[in-house]
Structures are given as C-alpha cells and as structure tokens.
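File shown here: run_34.cif, holding mmCIF, C-alpha atoms.
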data_protein
loop_
_atom_site.label_atom_id
_atom_site.label_comp_id
_atom_site.auth_asym_id
_atom_site.auth_seq_id
_atom_site.Cartn_x
_atom_site.Cartn_y
_atom_site.Cartn_z
CA MET V 1 4.43 31.48 -10.66
CA LEU V 2 5.10 27.74 -10.63
CA SER V 3 6.03 26.25 -7.30
CA SER V 4 8.35 23.32 -6.74
CA PHE V 5 7.53 22.32 -3.21
CA ARG V 6 5.43 19.87 -1.23
CA LEU V 7 3.56 21.11 1.82
CA GLY V 8 3.93 18.53 4.56
CA THR V 9 2.36 20.37 7.47
CA ALA V 10 -0.08 22.92 6.10
CA LEU V 11 -2.93 20.47 5.65
CA VAL V 12 -4.19 17.71 7.91
CA ALA V 13 -6.36 15.00 6.43
CA GLY V 14 -9.81 15.19 8.00
CA LEU V 15 -11.79 11.97 8.48
CA VAL V 16 -15.35 12.18 7.21
CA ILE V 17 -17.83 9.77 5.70
CA ALA V 18 -16.80 6.77 3.65
CA GLY V 19 -17.34 6.28 -0.04
CA ALA V 20 -17.20 2.85 -1.62
CA VAL V 21 -17.58 1.20 -4.99
CA GLU V 22 -17.58 -2.52 -4.38
CA ALA V 23 -18.08 -5.76 -6.24
CA GLN V 24 -19.28 -8.70 -4.19
CA ASN V 25 -17.35 -11.86 -3.30
CA THR V 26 -13.99 -10.57 -4.50
CA PRO V 27 -11.09 -11.28 -2.13
CA ASN V 28 -9.66 -8.11 -0.62
CA ASN V 29 -6.45 -9.37 0.93
CA ARG V 30 -4.59 -6.23 1.99
CA ARG V 31 -0.83 -5.80 1.58
CA ASN V 32 0.12 -2.83 3.72
CA LEU V 33 3.45 -1.08 3.34
CA ASN V 34 2.65 2.15 5.15
CA ASN V 35 2.10 3.23 8.74
CA SER V 36 -1.21 5.01 7.90
CA GLY V 37 -1.64 8.56 6.62
CA ASP V 38 -0.54 11.69 8.47
CA VAL V 39 -0.69 14.51 5.90
CA VAL V 40 -1.71 15.27 2.33
CA PHE V 41 0.83 16.80 -0.02
CA ILE V 42 0.56 19.62 -2.54
CA TYR V 43 2.80 19.01 -5.56
CA GLY V 44 2.91 21.49 -8.47
CA ASP V 45 0.91 24.71 -8.05
CA PRO V 46 -0.62 24.82 -10.59
CA SER V 47 -0.34 21.10 -11.23
CA VAL V 48 1.02 19.79 -14.52
CA GLY V 49 -0.55 16.74 -16.13
CA ALA V 50 -3.22 15.28 -18.37
CA SER V 51 -6.89 15.15 -17.40
CA ALA V 52 -7.79 12.21 -15.18
CA GLY V 53 -9.63 9.53 -17.12
CA SER V 54 -8.47 10.79 -20.52
CA GLY V 55 -6.35 7.71 -21.21
CA THR V 56 -3.27 9.93 -21.61
CA ILE V 57 -0.54 10.19 -18.98
CA ASP V 58 2.13 12.87 -18.64
CA THR V 59 5.33 11.17 -17.50
CA SER V 60 7.01 14.57 -17.08
CA GLY V 61 4.14 16.02 -15.03
CA ASP V 62 3.24 15.88 -11.34
CA LEU V 63 3.29 12.32 -10.04
CA TYR V 64 4.30 10.12 -7.15
CA TRP V 65 5.07 6.44 -6.92
CA MET V 66 5.26 3.57 -4.46
CA VAL V 67 7.27 0.35 -4.80
CA TRP V 68 6.25 -3.15 -3.81
CA PRO V 69 9.76 -4.62 -4.15
CA ARG V 70 10.35 -8.03 -5.64
CA GLN V 71 11.42 -9.63 -2.34
CA ALA V 72 8.14 -8.59 -0.72
CA MET V 73 5.92 -10.18 -3.38
CA VAL V 74 7.06 -13.74 -4.14
CA SER V 75 4.37 -16.15 -5.29
CA CYS V 76 4.05 -19.80 -6.21
CA ASN V 77 2.87 -18.43 -9.57
CA PRO V 78 4.61 -15.89 -11.83
CA THR V 79 1.90 -13.25 -11.26
CA ILE V 80 -0.33 -11.96 -8.44
CA GLU V 81 -3.75 -10.55 -9.32
CA MET V 82 -4.95 -7.26 -7.84
CA SER V 83 -8.57 -7.14 -6.67
CA GLY V 84 -8.94 -3.57 -5.38
CA ALA V 85 -7.46 -0.63 -3.50
CA SER V 86 -8.18 1.70 -0.58
CA PHE V 87 -7.09 5.33 -0.38
CA GLY V 88 -8.05 8.81 0.80
CA LEU V 89 -9.62 11.32 -1.61
CA PHE V 90 -9.72 14.92 -0.33
CA ASP V 91 -10.41 18.27 -1.99
CA THR V 92 -10.05 21.96 -1.15
CA ASP V 93 -13.17 22.97 -3.13
CA TRP V 94 -16.17 20.66 -3.57
CA THR V 95 -18.12 22.88 -5.98
CA ASP V 96 -17.00 20.47 -8.70
CA SER V 97 -16.45 16.73 -8.52
CA ALA V 98 -13.11 15.58 -7.14
CA PRO V 99 -11.49 13.18 -9.63
CA MET V 100 -9.73 9.96 -8.82
CA PHE V 101 -6.19 9.99 -10.19
CA ASP V 102 -5.05 7.73 -13.03
CA ILE V 103 -2.88 4.94 -11.59
CA LEU V 104 -0.23 3.00 -13.52
CA PHE V 105 0.86 -0.50 -12.45
CA GLY V 106 4.12 -1.69 -13.96
CA PRO V 107 7.79 -2.62 -13.55
CA GLY V 108 10.54 -0.57 -11.98
CA ASN V 109 14.09 0.48 -12.78
CA THR V 110 16.83 0.66 -10.16
CA ASN V 111 18.70 3.96 -10.37
CA GLY V 112 22.40 3.08 -10.37
CA THR V 113 23.33 6.34 -8.61
CA THR V 114 20.69 6.70 -5.90
CA GLY V 115 19.65 3.06 -5.50
CA SER V 116 16.02 4.14 -5.78
CA ILE V 117 13.53 1.90 -7.56
CA GLU V 118 11.73 4.17 -10.03
CA PRO V 119 8.90 3.81 -12.57
CA ASP V 120 9.97 2.35 -15.91
CA PHE V 121 8.51 4.74 -18.49
CA SER V 122 10.44 3.22 -21.39
CA LEU V 123 8.47 1.69 -24.26
CA ALA V 124 9.32 -1.74 -22.91
CA GLY V 125 8.25 -0.77 -19.39
CA LEU V 126 4.99 0.80 -20.52
CA GLY V 127 4.36 -2.29 -22.61
CA GLN V 128 4.29 -4.33 -19.38
CA SER V 129 2.11 -1.80 -17.54
CA THR V 130 -1.63 -1.42 -16.94
CA LEU V 131 -3.35 1.97 -16.55
CA LEU V 132 -6.32 2.17 -14.18
CA LEU V 133 -8.34 5.17 -15.32
CA GLY V 134 -9.63 7.71 -12.83
CA GLY V 135 -11.91 10.66 -13.53
CA PRO V 136 -14.79 12.53 -11.86
CA THR V 137 -16.33 10.70 -8.91
CA GLY V 138 -19.56 12.65 -8.43
CA PHE V 139 -19.01 12.63 -4.66
CA PRO V 140 -20.78 15.54 -2.91
CA ASN V 141 -19.18 17.99 -0.50
CA PRO V 142 -18.67 15.97 2.71
CA CYS V 143 -19.59 19.03 4.78
CA THR V 144 -22.97 19.13 3.01
CA ALA V 145 -23.51 15.38 3.18
CA SER V 146 -22.53 15.26 6.86
CA PRO V 147 -22.61 18.88 8.17
CA GLY V 148 -22.36 17.83 11.80
CA PHE V 149 -18.84 16.56 11.28
CA CYS V 150 -17.48 19.89 10.01
CA THR V 151 -19.39 22.11 12.43
CA SER V 152 -18.40 19.94 15.40
CA LEU V 153 -14.75 20.64 14.57
CA GLY V 154 -15.32 24.39 14.32
CA GLY V 155 -16.05 24.67 10.60
CA THR V 156 -19.05 26.07 8.80
CA SER V 157 -21.86 24.18 7.11
CA ILE V 158 -19.87 23.87 3.87
CA CYS V 159 -16.23 24.27 4.99
CA PRO V 160 -13.96 22.45 7.44
CA PRO V 161 -11.90 24.31 10.07
CA SER V 162 -8.90 26.29 8.86
CA GLY V 163 -5.95 23.98 8.21
CA PHE V 164 -8.11 20.96 7.38
CA VAL V 165 -9.34 19.42 4.16
CA VAL V 166 -12.20 16.96 3.96
CA GLY V 167 -12.96 14.04 1.73
CA TYR V 168 -13.61 10.33 1.58
CA PHE V 169 -11.86 7.10 2.35
CA VAL V 170 -12.57 5.14 -0.80
CA ASN V 171 -12.49 1.40 -1.33
CA VAL V 172 -12.59 0.40 -4.98
CA GLN V 173 -13.10 -3.26 -5.82
CA LEU V 174 -12.27 -4.24 -9.38
CA LEU V 175 -14.68 -6.41 -11.32
CA SER V 176 -12.18 -9.24 -11.20
CA ALA V 177 -12.95 -12.93 -11.19
CA CYS V 178 -9.46 -13.67 -9.84
CA ASP V 179 -8.83 -15.74 -12.94
CA GLY V 180 -5.68 -13.99 -14.13
CA THR V 181 -7.48 -11.54 -16.42
CA GLY V 182 -7.22 -8.52 -14.11
CA ILE V 183 -4.36 -6.18 -13.14
CA LEU V 184 -1.32 -8.34 -12.48
CA PHE V 185 1.70 -7.79 -10.22
CA PHE V 186 4.97 -9.61 -10.76
CA GLY V 187 5.44 -12.50 -8.33
CA ASN V 188 8.60 -13.99 -9.84
CA ASN V 189 11.16 -12.41 -7.44
CA THR V 190 12.97 -10.86 -10.43
CA GLU V 191 10.94 -7.70 -11.15
CA ASP V 192 9.85 -4.90 -8.82
CA ASN V 193 6.28 -3.62 -8.83
CA VAL V 194 5.77 0.15 -9.07
CA VAL V 195 2.43 1.93 -8.61
CA THR V 196 2.44 5.49 -10.03
CA ALA V 197 -0.27 8.12 -9.45
CA PHE V 198 -0.61 10.96 -11.98
CA LEU V 199 -2.03 14.28 -10.80
CA PRO V 200 -4.50 16.00 -13.15
CA GLY V 201 -3.21 19.25 -14.62
CA GLY V 202 -4.48 22.74 -13.89
CA MET V 203 -5.23 22.35 -10.18
CA THR V 204 -4.33 25.36 -8.02
CA PHE V 205 -3.78 25.77 -4.32
CA ALA V 206 -2.21 29.21 -3.79
CA THR V 207 -1.64 30.39 -7.36
CA GLY V 208 -5.29 30.52 -8.41
CA ALA V 209 -8.40 32.30 -7.20
CA PRO V 210 -9.62 31.38 -3.70
CA GLY V 211 -12.20 28.63 -3.89
CA GLN V 212 -15.27 27.86 -1.87
CA CYS V 213 -13.34 27.64 1.40
CA ASN V 214 -10.67 30.29 0.70
CA LEU V 215 -8.19 27.79 -0.74
CA GLY V 216 -7.69 26.99 -4.41
CA ASN V 217 -9.25 24.01 -6.16
CA TYR V 218 -6.93 21.08 -5.59
CA THR V 219 -7.79 17.38 -5.36
CA LEU V 220 -5.62 15.49 -2.90
CA GLN V 221 -5.30 11.76 -3.44
CA THR V 222 -1.91 12.33 -1.85
CA GLU V 223 -2.23 11.00 1.70
CA THR V 224 1.21 10.15 3.07
CA SER V 225 2.70 8.51 6.14
CA THR V 226 5.51 10.62 7.56
CA ASN V 227 6.51 8.42 10.52
CA GLU V 228 7.96 5.37 8.78
CA THR V 229 10.65 3.60 10.82
CA GLN V 230 12.48 1.49 8.24
CA ASN V 231 16.20 1.07 8.75
CA ASP V 232 18.17 3.67 6.80
CA ASN V 233 20.39 1.35 4.79
CA GLY V 234 20.10 2.68 1.25
CA PRO V 235 23.02 4.05 -0.78
CA THR V 236 21.66 7.59 -0.27
CA SER V 237 21.46 8.36 3.45
CA GLY V 238 18.04 9.49 4.61
CA SER V 239 16.29 8.48 1.38
CA SER V 240 13.93 5.58 0.75
CA ARG V 241 14.41 3.18 -2.13
CA TYR V 242 10.69 2.50 -2.24
CA GLY V 243 8.98 5.67 -3.38
CA GLY V 244 9.34 9.19 -4.68
CA PHE V 245 7.71 12.02 -6.59
CA GLN V 246 8.10 14.50 -9.42
CA VAL V 247 6.95 18.11 -9.71
CA GLY V 248 6.01 18.85 -13.31
CA ALA V 249 7.30 22.42 -13.23
CA ALA V 250 10.81 21.02 -12.75
CA PRO V 251 10.73 17.40 -13.99
CA GLY V 252 13.04 14.88 -12.39
CA PHE V 253 12.55 12.04 -9.94
CA ILE V 254 13.07 12.83 -6.24
CA MET V 255 13.29 10.07 -3.65
CA ASP V 256 11.01 10.07 -0.62
CA ALA V 257 12.62 10.48 2.78
CA VAL V 258 13.23 7.22 4.61
CA THR V 259 10.44 8.30 7.00
CA GLU V 260 7.85 8.69 4.21
CA ARG V 261 5.51 6.41 2.30
CA SER V 262 2.51 7.34 0.15
CA VAL V 263 -0.72 5.65 1.23
CA TYR V 264 -2.41 3.51 -1.41
CA ASP V 265 -3.36 0.14 0.04
CA VAL V 266 -3.53 -2.53 -2.66
CA GLU V 267 -5.71 -5.62 -2.24
CA PHE V 268 -5.13 -8.97 -3.91
CA CYS V 269 -6.78 -12.26 -4.77
CA ASP V 270 -3.89 -14.14 -3.11
CA SER V 271 -3.65 -14.17 0.67
CA MET V 272 -0.99 -11.91 2.14
CA VAL V 273 1.42 -11.61 5.09
CA ASN V 274 2.05 -8.18 6.61
CA VAL V 275 5.00 -8.01 9.00
CA THR V 276 4.63 -5.38 11.73
CA VAL V 277 7.14 -4.25 14.34
CA LEU V 278 5.74 -2.73 17.56
CA GLY V 279 2.49 -1.97 15.75
CA ASP V 280 4.23 -0.34 12.78
CA ARG V 281 2.88 -1.92 9.59
CA GLY V 282 4.91 0.17 7.12
CA THR V 283 8.24 -0.06 5.35
CA VAL V 284 9.85 -1.34 8.55
CA GLY V 285 8.47 -4.65 7.24
CA LEU V 286 11.14 -4.40 4.52
CA HIS V 287 14.06 -3.17 6.62
CA ALA V 288 14.17 -3.24 10.41
CA ASP V 289 16.84 -2.06 12.83
CA ALA V 290 17.70 -4.52 15.62
CA THR V 291 20.62 -5.34 17.90
CA THR V 292 20.66 -8.73 19.64
CA SER V 293 16.95 -9.57 19.77
CA PHE V 294 13.86 -8.77 17.78
CA SER V 295 10.09 -8.81 18.12
CA LEU V 296 7.58 -8.89 15.26
CA GLN V 297 3.98 -9.69 14.46
CA HIS V 298 2.63 -11.50 11.41
CA VAL V 299 -0.76 -10.23 10.24
CA VAL V 300 -2.24 -12.63 7.70
CA THR V 301 -5.13 -11.56 5.46
CA ASP V 302 -7.13 -14.28 3.72
CA THR V 303 -10.74 -13.50 2.79
CA ALA V 304 -11.29 -16.96 1.29
CA GLY V 305 -10.19 -18.55 4.57
CA LEU V 306 -13.21 -17.46 6.64
CA GLY V 307 -15.15 -20.23 8.34
CA PRO V 308 -14.68 -22.88 11.02
CA THR V 309 -13.44 -25.52 8.58
CA ASN V 310 -10.26 -23.51 7.92
CA LEU V 311 -7.15 -23.08 10.05
CA ALA V 312 -4.34 -20.67 9.21
CA PHE V 313 -0.64 -21.03 9.94
CA VAL V 314 2.17 -18.49 9.61
CA SER V 315 5.91 -18.66 10.18
CA GLY V 316 9.28 -17.52 8.88
CA CYS V 317 12.74 -18.77 8.08
CA LEU V 318 16.25 -17.31 8.20
CA PHE V 319 17.71 -19.88 5.83
CA PRO V 320 17.44 -18.98 2.13
CA PRO V 321 13.87 -19.80 1.06
CA PHE V 322 12.96 -22.26 -1.66
CA PRO V 323 12.66 -20.57 -5.06
CA PRO V 324 9.26 -20.74 -6.82
CA PRO V 325 7.49 -23.06 -7.36
CA GLY V 326 8.77 -24.23 -3.98
CA PHE V 327 7.98 -27.45 -2.13
CA PRO V 328 4.55 -29.04 -2.85
CA LEU V 329 2.33 -29.70 0.17
CA PHE V 330 -1.46 -30.25 0.39
CA GLY V 331 -1.88 -28.97 -3.13
CA THR V 332 -0.03 -25.71 -2.58
CA CYS V 333 3.52 -24.34 -2.53
CA VAL V 334 5.82 -23.95 0.49
CA LEU V 335 8.55 -21.35 -0.02
CA LEU V 336 9.84 -21.43 3.58
CA ASN V 337 12.99 -23.49 4.07
CA LEU V 338 11.65 -26.27 6.31
CA ALA V 339 15.18 -27.27 7.38
CA ASP V 340 15.42 -24.03 9.35
CA PRO V 341 14.54 -24.42 13.09
CA THR V 342 13.26 -20.82 13.03
CA VAL V 343 10.16 -22.13 11.24
CA THR V 344 9.16 -24.02 14.39
CA THR V 345 10.10 -21.13 16.70
CA LEU V 346 7.93 -18.60 14.89
CA LEU V 347 5.01 -20.88 13.98
CA ARG V 348 1.57 -19.54 14.94
CA LYS V 349 -1.90 -20.81 14.09
CA GLY V 350 -5.50 -19.69 14.44
CA PRO V 351 -8.77 -19.07 12.58
CA ILE V 352 -9.38 -16.30 10.06
CA VAL V 353 -11.82 -13.67 11.39
CA SER V 354 -13.25 -10.39 10.07
CA VAL V 355 -11.72 -7.25 11.55
CA SER V 356 -13.08 -3.76 10.84
CA ASP V 357 -10.67 -1.21 9.41
CA PHE V 358 -12.24 1.39 11.70
CA THR V 359 -12.88 -0.02 15.17
CA GLY V 360 -16.32 0.78 16.54
CA SER V 361 -17.55 2.36 13.32
CA THR V 362 -19.98 1.37 10.59
CA TYR V 363 -17.54 1.81 7.72
CA PRO V 364 -18.01 -0.83 5.04
CA PHE V 365 -14.40 -1.95 4.98
CA THR V 366 -13.14 -5.08 6.70
CA GLN V 367 -10.03 -7.18 6.65
CA ASP V 368 -10.15 -10.91 7.19
CA GLN V 369 -7.06 -11.82 9.13
CA LEU V 370 -5.45 -14.45 11.32
CA SER V 371 -6.50 -14.41 14.97
CA PRO V 372 -4.82 -14.50 17.34
CA SER V 373 -1.87 -12.77 15.69
CA VAL V 374 0.68 -12.56 18.49
CA PHE V 375 4.16 -11.18 18.72
CA SER V 376 7.12 -13.47 18.21
CA SER V 377 10.48 -12.74 19.79
CA PHE V 378 13.71 -14.42 18.86
CA SER V 379 17.46 -13.88 19.09
CA LEU V 380 19.38 -13.04 15.96
CA PRO V 381 22.18 -15.47 15.14
CA LEU V 382 24.02 -12.94 12.98
CA PRO V 383 24.44 -9.14 12.91
CA SER V 384 22.40 -9.02 9.70
CA VAL V 385 19.77 -11.55 8.61
CA THR V 386 16.89 -11.84 6.17
CA LEU V 387 13.58 -13.20 7.45
CA THR V 388 11.20 -14.71 4.89
CA SER V 389 7.57 -15.07 6.01
CA GLN V 390 4.70 -17.07 4.53
CA ALA V 391 1.23 -18.19 5.61
CA PHE V 392 -0.97 -21.18 4.78
CA THR V 393 -4.70 -21.74 5.20
CA LEU V 394 -5.69 -25.37 5.51
CA ASN V 395 -9.21 -26.62 4.82
CA ILE V 396 -9.45 -29.40 7.37
CA PRO V 397 -12.17 -31.62 5.81
CA THR V 398 -10.48 -31.74 2.41
CA LEU V 399 -6.86 -31.39 3.56
CA THR V 400 -6.25 -28.82 0.85
CA ALA V 401 -4.31 -25.65 1.48
CA ARG V 402 -3.70 -22.20 0.04
CA ALA V 403 -0.32 -20.54 0.34
CA SER V 404 0.13 -16.82 0.75
CA VAL V 405 2.53 -14.65 -1.14
CA SER V 406 5.83 -14.63 0.77
CA THR V 407 7.69 -11.52 1.90
CA SER V 408 11.25 -10.95 3.06
CA MET V 409 12.60 -8.32 5.44
CA GLU V 410 16.20 -7.42 6.22
CA ILE V 411 16.98 -7.17 9.94
CA ASN V 412 20.16 -5.23 10.69
#
This entry written out as structure tokens:
Amino acid sequence: MLSSFRLGTALVAGLVIAGAVEAQNTPNNRRNLNNSGDVVFIYGDPSVGASAGSGTIDTSGDLYWMVWPRQAMVSCNPTIEMSGASFGLFDTDWTDSAPMFDILFGPGNTNGTTGSIEPDFSLAGLGQSTLLLGGPTGFPNPCTASPGFCTSLGGTSICPPSGFVVGYFVNVQLLSACDGTGILFFGNNTEDNVVTAFLPGGMTFATGAPGQCNLGNYTLQTETSTNETQNDNGPTSGSSRYGGFQVGAAPGFIMDAVTERSVYDVEFCDSMVNVTVLGDRGTVGLHADATTSFSLQHVVTDTAGLGPTNLAFVSGCLFPPFPPPGFPLFGTCVLLNLADPTVTTLLRKGPIVSVSDFTGSTYPFTQDQLSPSVFSSFSLPLPSVTLTSQAFTLNIPTLTARASVSTSMEIN
C-alpha cells in the first residue's frame, strides 16, 4: 500500500557524532532561513524516485523544496556563488550506507493560484539549474561508532531508543575557488532561488520488512523546523510561500504550513546578513508581525573578515534601496538608501569573530560573525514597512571594503 502522508511527530532527530567533508580556506558564510530542526519527515512509503547519485531526477517522485526569495538575496553582482551546505542525515537502518540526496539548485515559478514559489521543472528552468549529486556516504552506524550515546539514552549497542533515529550533522564544502565557476544563485532581484531535494526510490518505513532496529530502511535528510513564526500574509491562509513537498504516490505540489521550513543551510562565498527576531533566525526574517514597535538582531557572517585589521558594519533602511549595482564606496557597492535616517539609527559595528555552531562542543563547524551583534529597537512610521539590511567589512589599512548580499523583510 502506498501512503500519502508525512509523519511530523513519530520521529525525533537524535544528535550524535558529526560527519564532515571539507575543503580548506573556502568561505562558509551561512544564510539561515530556518529556526533549526525539530523533526524528520517520512514522505512516500515506499518512496518514489531515482537512485541518489545516478544523475537522473524524478520530478514526479518524492521531493521537497525550499525558497531563497529574490528579495532576500540581492547582490552587487548578478550571481552569488555557493560554497557549501550543512544538514542532518539520519537513517532507520544502518546495515547499508545512508545516501545523501540529490539536490537541484535553480529558478522558481510563482503559482498564480496559491502564491507559492515552486521549482521550475520546465526545460527552460532545468536549463538554468545545477544538480549536486548525492549517493552512498559510507558513514557507519552512529550507535556502533559512538555506542555510549545510544545506550545513555536507553537504546542498545546498535539501536537508539524507541521513537528516535540517529545520524550525522554533515557539513559539505564544495571544491570552489569562489571565482564564479561553482553553483550560482541568482542575485539580480528578479529571479527566486529554489533548492529541491529528491528522495531516492524504494525506501520503506512501515510498508517493508522491519530493519535492524524494527523500523524499515529509510534515509532521512528531511530535518524540518516546525516552529517558524513568519507573519501569515500569503494568499493562502496558513501556508508558506517559501517551501513545499510532493509525495510521489500522488504527485502534485503541496505548500508547507506557515510554521514549517525544511532545514538545509546553504553557505556562500559572499558575506551574508541574517535577520533574527527574539532569537528566531527563520522565515520571520522574511515576514514579521509587529504593531507599533519592533526589535531585531542582525547576524553578519563573513569568513574573509576575520582579523584585527577588519571592522564590520551593519544597518538597514526603510526607504527603497538602491538597485544593483548600487552606490560605489571603498571599492564595493552600497545598496542601502543613505538618505534614510534609519540607517544611522540601526547602525552597529564590531569585529568578526569565530563562533561554534555547537556551544561547548568539539564539532568542526564554525561561523564567523559580527560581534557584538546586539538588538536594535525602533518605532515603525507606517502600519506596513519593508526593511532592507546590508553589511560591510572594511579593511582599515587599505580602506577597501566588501559588501554583503542584502536582504529585505516585510514588517506588518
């Protein structure tokens, strides 16, 4: 029997040891648009799709997608180069090697009925897309590699406790020289960026024979945040414009709930600004609900800006920003409208420092971000405004600067 459901509560993602494939000296400037993972989802059971790493994708099979909308990725240049990604990779049965999913990077279409931004699988859309091949990882069973973790939670030497799956947090760095020859995102403010993950076919959770730990054999690169707080302002109430999924047994795009966002953190060569609200780093950075006042935090990531000779600045404007290529300054591009007094109100500065992704741990992942990054509060002049944010890192001895990609959020 083919199922057409996603299980949002049956499995909890269990944190175990980290796996990493890294190239050295490649900027890993994170652009977060999720509030961290809460669950892993089961899609088709059995799953429908091509084998991971085969070079073939099934656009009518099991898949999910995430949108980096055009207004959140505006660059001085027409394109923004990807340098890597971080994600969770879990499995219900580690007797074989859990595969990484194939990931497609390309443009989006806006559905005229639902308002959702969806993957463009037309010939023209696929012609502008890049496929990052997955395939077997060779990772061992985490409970065998680190048995104390599973037994300390009440599992056995090879299985986690009932209701949990185990796996790896993976950081993949592409062999990119950041010279424009890698995977490119649109930075022209005219095209949306869609990242689509394709599930391998033939995986079973409940429809197949029980696996090593009494579940089926299902790989779960499907970690999802279920506590997103973006303002519900889309044409379809309760649904997000920025992600969705498809179950191959009954093909057709389904929008995520406004509270959901799949977790696949993309890293870039360009420095980035992440806008958080009360610690929430997710899709609230695209649409926030406010009344007469508002408080936010700018988190700037700039790996190339490490060192005492650099100083970073970040601010925002409510006036319409300058279109690319913006206003030239210190060899870079200013997109903020400098005539707006909000730029002065929100301006913050500080050095770039390394911050571990996992506080107090020895995980090999770090983010290099502005410190101190403090909250800014301001009164809204209108019931509905758009805030555009951008950062700059200035090398003091040479008086040369790098501009970040700019991002805009609607505050209603």
Take the PyMOL selection byres ((chain V and resi 297) around 6), run it mentally on this structure, and tell me the resulting residues as a list in words.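 Evaluating the PyMOL selection byres ((chain V and resi 297) around 6) on this file yields Val275, Thr276, Leu296, His298, Val374 and Phe375 of chain V.
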Within 12 Å of Thr303 of chain V using only C-alpha atoms, minus same-chain residues under 5 positions, as a list in words: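 Neighbouring residues, sequence-local ones excluded: Asn25, Thr26, Pro27, Asn28, Asn29, Arg30, Ser83, Glu267, Phe268, Cys269, Asp270, Ser271, Met272, Asn310, Ala312, Pro351, Ile352, Val353, Ser354, Val355, Thr366, Gln367, Asp368, Gln369, Leu370, Thr393, Arg402 and Ser404 of chain V.
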Nearest candidate to Val385 of chain V (options V:Ala177, V:Val172, V:Ala288, V:Val334; using all atoms listed in the file): V:Ala288
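Considering only C-alpha atoms, the residue among V:Thr190, V:Asn395, V:Thr229, V:Asn337 positioned nearest to Val74 of chain V is V:Thr190.
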By how many Å are atom CA of Thr226 of chain V and atom CA of Ile117 of chain V apart?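 Going from atom CA of Thr226 of chain V over to atom CA of Ile117 of chain V, I get 19.2 Å.
Take the candidates V:Leu318, V:Pro161, V:Ala290, V:Phe87 and check each one against Thr222 of chain V using all atoms listed in the file; the shortest distance goes to V:Phe87.
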Polymer residues at most 12 Å from Ser97 of chain V, all atoms listed in the file, same-chain spacing of 5 or more positions, as a VMD selection string: chain V and resid 52 89 to 92 135 to 142 167 217 to 219
